[in-house]
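Source file: entry_12.cif (mmCIF, C-alpha atoms)
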data_structure
#
loop_
_atom_site.group_PDB
_atom_site.id
_atom_site.type_symbol
_atom_site.label_atom_id
_atom_site.label_comp_id
_atom_site.auth_asym_id
_atom_site.auth_seq_id
_atom_site.Cartn_x
_atom_site.Cartn_y
_atom_site.Cartn_z
ATOM 1 C CA MET A 1 134.090 94.213 114.806
ATOM 2 C CA GLU A 2 133.810 93.722 111.061
ATOM 3 C CA PHE A 3 132.050 96.228 108.835
ATOM 4 C CA ASP A 4 130.809 95.247 105.431
ATOM 5 C CA GLY A 5 130.062 98.658 103.910
ATOM 6 C CA THR A 6 127.875 99.391 100.962
ATOM 7 C CA GLU A 7 129.525 100.819 97.900
ATOM 8 C CA ILE A 8 127.523 103.387 96.004
ATOM 9 C CA ILE A 9 128.476 103.276 92.358
ATOM 10 C CA ASP A 10 125.959 105.799 91.022
ATOM 11 C CA PRO A 11 124.599 108.307 93.550
ATOM 12 C CA GLY A 12 122.304 109.599 90.811
ATOM 13 C CA SER A 13 120.426 106.305 91.006
ATOM 14 C CA LEU A 14 119.584 107.105 94.633
ATOM 15 C CA SER A 15 118.098 110.437 93.573
ATOM 16 C CA LYS A 16 116.161 108.695 90.822
ATOM 17 C CA ALA A 17 114.836 106.120 93.310
ATOM 18 C CA GLY A 18 113.883 108.955 95.653
ATOM 19 C CA ARG A 19 111.919 110.711 92.935
ATOM 20 C CA GLY A 20 110.217 107.411 92.072
ATOM 21 C CA ALA A 21 109.202 106.813 95.682
ATOM 22 C CA THR A 22 107.835 110.361 95.944
ATOM 23 C CA GLU A 23 105.846 109.905 92.738
ATOM 24 C CA LEU A 24 104.519 106.599 94.043
ATOM 25 C CA ALA A 25 103.377 108.385 97.210
ATOM 26 C CA GLY A 26 101.330 110.806 95.113
ATOM 27 C CA GLU A 27 99.787 108.011 93.072
ATOM 28 C CA THR A 28 99.021 106.033 96.227
ATOM 29 C CA LYS A 29 97.150 108.995 97.691
ATOM 30 C CA LYS A 30 95.199 109.657 94.507
ATOM 31 C CA VAL A 31 94.243 106.052 93.790
ATOM 32 C CA GLY A 32 93.861 105.101 97.450
ATOM 33 C CA ASN A 33 91.326 107.838 98.189
ATOM 34 C CA ARG A 34 88.969 106.805 95.405
ATOM 35 C CA PRO A 35 87.520 103.708 97.148
ATOM 36 C CA VAL A 36 87.330 105.586 100.462
ATOM 37 C CA ASP A 37 84.947 108.172 99.031
ATOM 38 C CA GLU A 38 82.804 105.499 97.396
ATOM 39 C CA THR A 39 82.739 103.318 100.517
ATOM 40 C CA ARG A 40 81.806 106.280 102.733
ATOM 41 C CA ALA A 41 78.951 107.107 100.375
ATOM 42 C CA ALA A 42 77.767 103.499 100.508
ATOM 43 C CA ALA A 43 78.015 103.568 104.316
ATOM 44 C CA LYS A 44 75.632 106.522 104.382
ATOM 45 C CA ASP A 45 73.257 104.764 101.983
ATOM 46 C CA PHE A 46 73.159 101.693 104.224
ATOM 47 C CA SER A 47 72.635 103.597 107.470
ATOM 48 C CA GLY A 48 69.385 104.744 109.030
ATOM 49 C CA GLY A 49 66.026 104.650 107.282
ATOM 50 C CA ASN A 50 65.045 101.106 106.394
ATOM 51 C CA TRP A 51 68.491 99.703 107.227
ATOM 52 C CA GLU A 52 68.553 98.494 110.784
ATOM 53 C CA GLY A 53 71.567 96.202 110.391
ATOM 54 C CA GLY A 54 75.179 97.154 110.894
ATOM 55 C CA LEU A 55 76.197 97.282 107.235
ATOM 56 C CA GLY A 56 76.517 101.070 107.155
ATOM 57 C CA LYS A 57 78.703 101.112 110.265
ATOM 58 C CA ALA A 58 80.815 98.222 108.960
ATOM 59 C CA LEU A 59 81.373 99.985 105.627
ATOM 60 C CA GLY A 60 82.367 103.156 107.477
ATOM 61 C CA GLU A 61 84.922 101.203 109.499
ATOM 62 C CA VAL A 62 86.296 99.601 106.331
ATOM 63 C CA ALA A 63 86.691 103.045 104.764
ATOM 64 C CA GLU A 64 88.581 104.359 107.801
ATOM 65 C CA THR A 65 90.851 101.298 107.938
ATOM 66 C CA TRP A 66 91.574 101.625 104.214
ATOM 67 C CA LEU A 67 92.384 105.317 104.638
ATOM 68 C CA ARG A 68 94.792 104.632 107.528
ATOM 69 C CA GLN A 69 96.546 101.904 105.555
ATOM 70 C CA THR A 70 96.953 103.927 102.352
ATOM 71 C CA SER A 71 98.032 106.997 104.337
ATOM 72 C CA GLY A 72 100.671 104.918 106.104
ATOM 73 C CA LEU A 73 101.925 103.568 102.788
ATOM 74 C CA GLN A 74 102.032 107.060 101.343
ATOM 75 C CA GLU A 75 103.984 108.380 104.336
ATOM 76 C CA SER A 76 106.466 105.498 104.044
ATOM 77 C CA CYS A 77 107.012 106.248 100.353
ATOM 78 C CA VAL A 78 107.619 109.938 101.089
ATOM 79 C CA ALA A 79 110.096 109.073 103.868
ATOM 80 C CA LEU A 80 111.907 106.570 101.661
ATOM 81 C CA GLY A 81 112.088 109.090 98.833
ATOM 82 C CA THR A 82 113.511 111.741 101.136
ATOM 83 C CA GLN A 83 116.088 109.350 102.574
ATOM 84 C CA CYS A 84 117.227 108.206 99.135
ATOM 85 C CA LYS A 85 117.638 111.769 97.889
ATOM 86 C CA GLN A 86 119.474 112.889 101.038
ATOM 87 C CA THR A 87 121.804 109.882 100.926
ATOM 88 C CA GLY A 88 122.620 110.493 97.255
ATOM 89 C CA ASN A 89 123.276 114.185 97.907
ATOM 90 C CA SER A 90 125.409 113.468 100.978
ATOM 91 C CA TYR A 91 127.443 110.857 99.140
ATOM 92 C CA SER A 92 128.063 113.215 96.214
ATOM 93 C CA SER A 93 129.072 116.012 98.570
ATOM 94 C CA VAL A 94 131.538 113.828 100.492
ATOM 95 C CA GLU A 95 133.016 112.420 97.285
ATOM 96 C CA ALA A 96 133.476 115.937 95.878
ATOM 97 C CA GLU A 97 135.278 116.976 99.061
ATOM 98 C CA ASN A 98 137.470 113.846 98.939
ATOM 99 C CA ILE A 99 138.425 114.577 95.335
ATOM 100 C CA SER A 100 139.257 118.158 96.274
ATOM 101 C CA VAL A 101 141.526 117.014 99.117
ATOM 102 C CA VAL A 102 143.335 114.515 96.890
ATOM 103 C CA GLU A 103 143.810 117.129 94.161
ATOM 104 C CA ARG A 104 145.288 119.597 96.686
ATOM 105 C CA VAL A 105 147.688 116.954 98.014
ATOM 106 C CA ASP A 106 148.650 115.914 94.468
ATOM 107 C CA SER A 107 149.399 119.539 93.596
ATOM 108 C CA GLY A 108 151.945 119.726 96.409
ATOM 109 C CA GLN A 109 149.806 121.512 98.959
ATOM 110 C CA ARG A 110 149.980 120.395 102.543
ATOM 111 C CA SER A 111 147.734 117.489 103.433
ATOM 112 C CA PRO A 112 144.889 118.216 105.870
ATOM 113 C CA PHE A 113 145.774 114.879 107.472
ATOM 114 C CA GLY A 114 149.203 115.988 108.677
#
Could you show the structure in this file as structure tokens?
Amino acid sequence: MEFDGTEIIDPGSLSKAGRGATELAGETKKVGNRPVDETRAAAKDFSGGNWEGGLGKALGEVAETWLRQTSGLQESCVALGTQCKQTGNSYSSVEAENISVVERVDSGQRSPFG
């Protein structure tokens, strides 16, 4: 089996991408909720009273669909941000340990590999 690994040149860029994805999640929630509130209000205005058609119900369904979609996008951005940050931190931690092992071996200490 052949493995074509991914080389991480700058683990800090993963943390930066993670922060960006988390910020995007916040913006998505803020901007995405605005039309939901307005559409729900319109759904109420077009329900009952003189409105016998299904416009109010249809607008309510649109608002709920929009909310599910933007919530899903927000959750994906949060998950992506978390994964990027964790990967960057893990990579940095492993690299620091590798450097420590090499420095110990170079200084004449016994290798942990035998």
task: Could you tell me which residues the PyMOL selection byres ((chain A and resi 70-73) around 12) returns for this structure, as a PyMOL selection string?
output: chain A and resi 21-22+24-36+63-69+74-80
- prompt: Which neighbours of Gly12 in chain A fall inside 9 Å, counting all atoms listed in the file, when residues of the same chain fewer than 6 positions from it are skipped, and could you give them as a list in words?
  reply: Lys85, Gly88, Asn89 and Ser92 of chain A
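The interatomic distance for the pair CA of Gly60 in chain A and CA of Glu23 in chain A works out to 28.5 Å.
One distance worth recording is that between CA of Gln83 in chain A and CA of Glu95 in chain A, which is 18.0 Å.
Counting from CA of Thr87 in chain A, the distance to CA of Leu14 in chain A is 7.2 Å.
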- prompt: Which residues match the PyMOL selection byres ((chain A and resi 43) around 7) in the file above, as a ChimeraX atom specification?
  reply: /A:39-42,44-47,56-57,59-60
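Compared by their closest atoms to Gly18 in chain A, and using all atoms listed in the file, the residues A:Ser107, A:Gly53, A:Gly81, A:Val102 rank with A:Gly81 nearest.
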